[in-house]
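What follows is a set of notes on a single structure, which appears directly below.
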Amino acid sequence: MVISQSLRDNPRLDRWLRFEPDRTVRVATGKVELGQGILTALAQIAAEELDLRVDQIRIMSGDSVEGPGEGYTASSWSVEHSGSAIRAVSAEVRALALARAALRLNAAPEELSVLEGEFLRDGTATGLDYWHVAPDIDLSAEATGAVAPKPVAEHRIVGRDIPRLDLAAKLTGSGFIQDIDMPGMLHARTLRQPGRGATLLLLDKDAIRRAAGDGVLIVRRENFVALAGEDETAVRKAATAAAGAAVWDRPRRLGPEQAGAGWIATQPSHDRHIGDPMPESDGGRVSMRFSRPFLSHGSIAPSCALALWQDGLLSVWSHAQGMHPLRANIAATLRLPVEKVACHHAQGAGCYGHNGADDAALDAALVAMELPGKPIRLCWSREEEFGYEPLSSAMAVEVHASVGTDGRPVGWTTEIWSAAHGQRPGVGGAYLLAADALETPPPERKPFDIPEERGGGATRNAIPLYDIAAKGIDFHLVHDVPVRTSSLRGLGATLNVFAIEGLMDELSARAGEDPLAYRLSLLTDPRARAVLERVGDMARWSERDPGGAGRGTGIALARYKNASAYAAIVAAVEVGEAVRVTDVWCAVDAGLVINPDGVANQVEGNMIQAISWALIEESRFGEDGVASLDWQTYPVIRFRDIPEIRVELVDASAHDPLGVGECAGGPAAAAIGNAVAHALGTRIRDMPMTRERIIEALMRGS
Amino acid sequence: MSKHLTMTVNGHVHEIDTAGTTPLLDVLRNHLGQKGSRYGCGLEQCGACMVLVDGETVYSCSREAGSLQGRSILTVEGLGAPGALHPLQQAFLDEQAGQCGYCLSGMLMAAKALLDRNPSPTRAEIVEALDPNVCRCGSHPRILRAVARAAAVLRSGAGDGH
């Protein structure tokens with residue numbers, strides 16, 4: 001079998017798997033739980049290959065000291081990368097153990113099988129189990145990839161709805177990093193440097209002490225300031241007081257106009273053409289421009305981290321998406337050898353991409369370095385999370401189709417204006433936030449976005465899945481934007497799919513054809529066709545309303561990164577003063593599915609988030625920075641706007657498992673966009689599709 | 001300006017010395033070590049911190065402890081525990097109603113208040129009761145199903161003792 005990147009990077013078997021004295025097996029992963037259910041899925045994969053019960057598996061996740069390094073938990077790679085590594089290692093260790101048992105029992109390996117860790121000989125118990133033979137197995141050996149995993153037909157745990165391993169704790173008041181308490185722990189809050197280059201001219205410490213009492217320590221290193229103390233209430237008060245007690249010299253201010261896609265599209269850019277040149281054709285050229293604003297991740301929990309600097313070792317607990325990268329980034333920022341930093345993952349709230357988690361970890365580490373021996377628990381405020389986390393860049397996308405005489409595109413170019421979507425610390429010169437506040441700030445980051453071979457950033461899903469002879473991208477990477485930008489679930493795919501699928505509907509109308517039939521006429525990929533046809537059946541597409549009169553139905557399709565799961569979605573909307581999504585149907589092909597209910601849960605959530613992006617969300621700027629700083633100025637979808645949702649998985653178990661967590665966002669936004677156009681008879685091309693934009697579209701359409 | 005307060009939390013009487021302005025959330029998490037009620041915004045906008053005070057939903061992030069002398073507070077820890085789940089917690093598990101789970105303590109308490117006053121809520125009534133609570137993962141449909149399921153269980157009497 002193929003050795004995955006994760007296994008090439010961490011070839012030793014004991015990096016992944018260890019037999020424990022309590023007759024469990026510890027399975028290690030570099031991927032972390034973000035609420036997506038990954039640890040449950042990985043436990044299922046290990047239990048399947050080892051012939052164990054799921055409760056015999058203990059997952060160790062995100063440990064920079066003992067666990068495998070697998071980069072960030074991002075881009076829907078976890079099942080594909082970590083899952084395939086754990087599958088291969090588990091199969092191999094089972095075979096090694098079985099061989100040892102065969103020797104001990106003087107049996108042929110073919111006579112033996114494994115049931116819940118015990119060896120059976122021709123179906124009869126032998127009294128021997130994994131833990132008996134474990135001392136004889138050399139797990140320091142490197143994986144060979146020579147042992148084939150189980151055939152799908154023999155699966156009894158993979159493919160089943162195993163309940164989430166972490167949910168019971170979270171329903172009874174525990175399970176989060178925020179709950180960790182350590183003896184002697186101090187709470188901490190930051191006084192945030194208002195931007196790169198800002199210098200703290202004056203800090204009225206007396207004012208802070210008057211507000212919060214003498215029990216609060218004021219920790220300062222250059223332009224990094226934090227408040228720390230035993231009493232969290234007092235520390236919070238001190239942080240509030242500190243904001244008013246600080247005078248900063250600020251070289252940069254923001255303007256409200258910079259928050260728009262229109263502003264982005266007029267900035268100097270690094271331009272690059274990807275793929276085929278655009279051909280001319282007889283049927284003419286059709287172009288249409290779409291946009292979306294800056295978006296916040298909107299994690300419901302402000303970022304939190306713990307750190308302890310003791311005996312020359314810096315220990316950090318964080319809910320960030322990768323503990324090995326975090327260790328490298330903290331070590332580099334603090335100029336410590338990496339082996340002097342240990343990062344441990346502890347679960348936090350959903351992040352949906354690169355939010356403030358990594359930055360809060362450096363903040364906690366900075367405070368810990370100033371207060372040796374004291375465990376520090378640093379928590380961001382709500383305002384800080386909205387105001388200082390990296391945002392998802394506003395984008396403009398103009399899709400151009402060169403149309404043949406049969407009304408079908410023969411050429412396609414997706415033209416994109418965007419800031420970068422891949423600015424995780426350590427990538428492309430990006431770094432942790434508080435590094436800006438230290439004695440020697442890092443050099444400005446470089447113009448960089450995720451390369452297309454790794455799924456692209458702004459360019460993600462910019463190449464349509466359809467059979468078009470020439471497909472390309474014109475990418476205008478805008479570098480000089482006044483806020484940090486980075487990955488939000490789906491990255492550029494959300495707007496790219498919204499735009500591509502919008503133009504596909506326009507082209508089908510131009511050709512006088514049904515949107516579903518038109519799409520099928522341009523698709524030979526049987527898996528893409530299967531999800532489209534399935535969702536058409538689910539939503540009774542052939543009986544859909546004629547549209548207009550404020551009701552509409554729209555369809556859209558994408559395969560995430562053109563390489564992960566396929567999702568086809570139909571949305572039904574009512575458009576009055578606002579857009580109301582009433583129904584969403586989704587058909588997904590995720591290849592071999594590890595946990596069907598887990599996939600459905602992710603897809604449902606991704607679609608609901610996409611409704612929120614499509615209709616409501618927009619981060620605005622003011623002179624002092626990001627101005628959308630709470631749930632009133634950055635509203636997200638609530639219960640009253642949740643539609644009926646139906647998700648079906650197309651059986652594709654003969655194919656490898658595909659990442660699923662981000663597959664539905666783009667097509668959901670696009671299906672809503674198409675449904676709104678169907679309802680209004682004219683298209684809204686800018687997200688969010690607000691009341692003002694409905695009125696604008698109607699005025700333009702009439 | 002420390003105050004001596006007596007309040008009942010999850011059925012146990014606690015004597016607490018704290019400033020009257022200390023938020024209830026800090027009292028619960030830091031004085032009493034009950035970490036199940038969560039900080040989300042501190043602004044009464046998300047519901048992650050929601051608890052019941054004498055049966056009514058309250059945002060513990062901003063309710064001052066000084067106003068709670070003699071009152072009875074119920075948090076997620078008092079709703080049920082591992083091995084002895086409340087029918088609401090069991091229904092959330094059965095529906096796998098959650099992704100990251102950070103909102104769930106508040107959701108459970110909002111649902112508890114609803115079912116206490118209305119044992120047979122319609123979907124619209126559940127929606128109205130939970131609307132103040134933000135779920136960012138999009139687990140809403142499952143949460144709605146879980147609350148309806150718990151209501152049915154409680155009506156059938158299987159939830160006696162809670």
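The way I read the labels, and the way they are meant: chains A, B, ... in the order of the structure tokens, residue 1 as the first residue of every chain, and ligand 1 as the first ligand shown, with later ones counted on from there.
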Give me, as a PyMOL selection string, all polymer residues having an atom no more than 7 Å from Arg12 in chain A, counting only C-alpha atoms and skipping those fewer than 5 positions away in the same chain.
chain A and resi 140-143
Hey, can you spit out that residue selection with N, CA and C atoms as a PDB file, in the first residue's frame?
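Now in out_14.pdb:
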```pdb
ATOM      1  N   SER A 140      10.146   0.067  17.640  1.00  0.00           N
ATOM      2  CA  SER A 140      11.028   1.161  17.203  1.00  0.00           C
ATOM      3  C   SER A 140      11.371   1.010  15.718  1.00  0.00           C
ATOM      4  N   ALA A 141      10.933  -0.100  15.133  1.00  0.00           N
ATOM      5  CA  ALA A 141      11.169  -0.300  13.694  1.00  0.00           C
ATOM      6  C   ALA A 141      10.337   0.684  12.874  1.00  0.00           C
ATOM      7  N   GLU A 142      10.775   0.878  11.652  1.00  0.00           N
ATOM      8  CA  GLU A 142      10.020   1.764  10.770  1.00  0.00           C
ATOM      9  C   GLU A 142       8.929   0.985  10.049  1.00  0.00           C
ATOM     10  N   ALA A 143       7.826   1.673   9.807  1.00  0.00           N
ATOM     11  CA  ALA A 143       6.741   1.047   9.061  1.00  0.00           C
ATOM     12  C   ALA A 143       7.227   0.700   7.662  1.00  0.00           C
TER      13      ALA A 143
END
```
Surrounding residues of His14 in chain B excluding itself and chain neighbours under 2 positions, 12 Å, only C-alpha atoms, as a tab-separated table (two decimals) with N, CA and C atoms, in the first residue's frame:
```tsv
chain	number	residue	atom	x	y	z
B	4	HIS	N	-20.23	38.69	52.45
B	4	HIS	CA	-20.48	37.30	52.79
B	4	HIS	C	-21.83	36.89	52.21
B	5	LEU	N	-21.82	35.90	51.35
B	5	LEU	CA	-23.04	35.50	50.65
B	5	LEU	C	-23.33	34.04	50.91
B	6	THR	N	-24.61	33.75	51.01
B	6	THR	CA	-25.05	32.36	51.09
B	6	THR	C	-25.89	32.07	49.86
B	7	MET	N	-25.49	31.08	49.11
B	7	MET	CA	-26.32	30.68	47.96
B	7	MET	C	-26.28	29.17	47.80
B	8	THR	N	-27.35	28.67	47.21
B	8	THR	CA	-27.43	27.23	46.97
B	8	THR	C	-27.04	26.98	45.52
B	9	VAL	N	-26.03	26.14	45.35
B	9	VAL	CA	-25.60	25.80	43.99
B	9	VAL	C	-25.73	24.30	43.81
B	10	ASN	N	-26.57	23.92	42.88
B	10	ASN	CA	-26.80	22.50	42.59
B	10	ASN	C	-27.18	21.72	43.85
B	11	GLY	N	-28.00	22.35	44.68
B	11	GLY	CA	-28.54	21.67	45.85
B	11	GLY	C	-27.66	21.76	47.09
B	12	HIS	N	-26.46	22.33	46.95
B	12	HIS	CA	-25.58	22.45	48.11
B	12	HIS	C	-25.49	23.92	48.52
B	16	ILE	N	-19.93	32.15	50.64
B	16	ILE	CA	-18.90	32.71	49.75
B	16	ILE	C	-18.55	34.11	50.19
B	17	ASP	N	-17.26	34.37	50.30
B	17	ASP	CA	-16.79	35.72	50.56
B	17	ASP	C	-16.22	36.29	49.28
B	27	VAL	N	-17.66	33.21	40.28
B	27	VAL	CA	-17.93	32.51	41.54
B	27	VAL	C	-18.03	31.01	41.27
B	28	LEU	N	-18.78	30.66	40.25
B	28	LEU	CA	-18.98	29.24	39.94
B	28	LEU	C	-17.66	28.58	39.55
B	31	HIS	N	-14.39	30.18	42.46
B	31	HIS	CA	-14.58	29.98	43.90
B	31	HIS	C	-15.05	28.55	44.18
B	32	LEU	N	-15.95	28.06	43.35
B	32	LEU	CA	-16.54	26.74	43.62
B	32	LEU	C	-15.97	25.63	42.74
B	68	LEU	N	-27.42	37.71	44.56
B	68	LEU	CA	-27.87	36.31	44.60
B	68	LEU	C	-27.92	35.74	46.02
B	69	GLN	N	-27.88	36.62	47.02
B	69	GLN	CA	-28.01	36.18	48.41
B	69	GLN	C	-29.28	35.34	48.57
B	70	GLY	N	-29.10	34.11	49.05
B	70	GLY	CA	-30.25	33.25	49.36
B	70	GLY	C	-30.90	32.60	48.15
B	71	ARG	N	-30.33	32.82	46.96
B	71	ARG	CA	-30.97	32.26	45.76
B	71	ARG	C	-30.43	30.86	45.46
B	72	SER	N	-31.16	30.17	44.60
B	72	SER	CA	-30.81	28.79	44.26
B	72	SER	C	-30.38	28.72	42.80
B	73	ILE	N	-29.20	28.22	42.58
B	73	ILE	CA	-28.61	28.22	41.24
B	73	ILE	C	-28.42	26.79	40.76
```
Which residues of chain A are close to chain B, meaning at most 7 Å apart when you count only C-alpha atoms, and how do they look as a PyMOL selection string?
chain A and resi 34-36+163+168+170-174+179+233+299-302+349-350+382+604-606+608-609+631+638-640
Quick one: write out the picked residues with C-alpha atoms as a short mmCIF file (atom, residue, chain, number, x, y, z; two decimals), in the first residue's frame?
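So out.cif came out as:
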```
data_model
loop_
_atom_site.label_atom_id
_atom_site.label_comp_id
_atom_site.auth_asym_id
_atom_site.auth_seq_id
_atom_site.Cartn_x
_atom_site.Cartn_y
_atom_site.Cartn_z
CA LEU A 34 -11.71 20.79 16.83
CA GLY A 35 -15.26 19.53 17.22
CA GLN A 36 -15.11 17.71 13.89
CA PRO A 163 -20.81 8.01 19.09
CA ALA A 168 -20.34 12.92 27.09
CA LYS A 170 -18.78 18.12 27.14
CA LEU A 171 -22.42 17.54 28.10
CA THR A 172 -21.55 17.24 31.77
CA GLY A 173 -19.45 20.34 32.21
CA SER A 174 -15.88 19.36 31.36
CA ASP A 179 -11.37 24.00 32.58
CA THR A 233 -12.14 38.90 38.19
CA SER A 299 -15.27 30.97 17.56
CA ILE A 300 -17.71 30.97 20.44
CA ALA A 301 -14.84 30.78 22.94
CA PRO A 302 -12.16 33.45 22.94
CA ALA A 349 -14.26 25.49 21.00
CA GLY A 350 -14.58 25.14 17.24
CA ARG A 382 -14.42 38.51 23.17
CA GLU A 604 -24.89 19.94 8.25
CA GLY A 605 -22.70 22.32 10.22
CA ASN A 606 -20.75 23.42 7.18
CA ILE A 608 -25.44 26.16 8.28
CA GLN A 609 -22.22 28.17 8.54
CA TRP A 631 -22.18 39.22 18.40
CA ARG A 638 -29.40 31.63 15.11
CA PHE A 639 -32.05 28.98 15.64
CA ARG A 640 -34.85 31.03 14.09
#
```
Backbone-only DSSP, strand (DSSP E) members of range 10-152 of chain B, as an MDAnalysis selection string
chainID B and resid 12:19 50:53 56:59 72:74
When DSSP is applied to the backbone of this structure, which of range 293-511 of chain A are assigned alpha helix (DSSP H)? Write them out as a PyMOL selection string.
chain A and resi 323-334+357-370+382-388+493-510
Enter the distance from CA of Glu662 in chain A to CA of Arg559 in chain A, in Å, rounded to one decimal.
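One can read the CA of Glu662 in chain A to CA of Arg559 in chain A distance as 9.9 Å.
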When distances are computed from only C-alpha atoms, which of A:Val570, A:Val626, A:Leu592, A:Val341 shows the smallest separation from Ala671 in chain A?
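Checking each of A:Val570, A:Val626, A:Leu592, A:Val341 against Ala671 in chain A, counting only C-alpha atoms, the winner is A:Val570.
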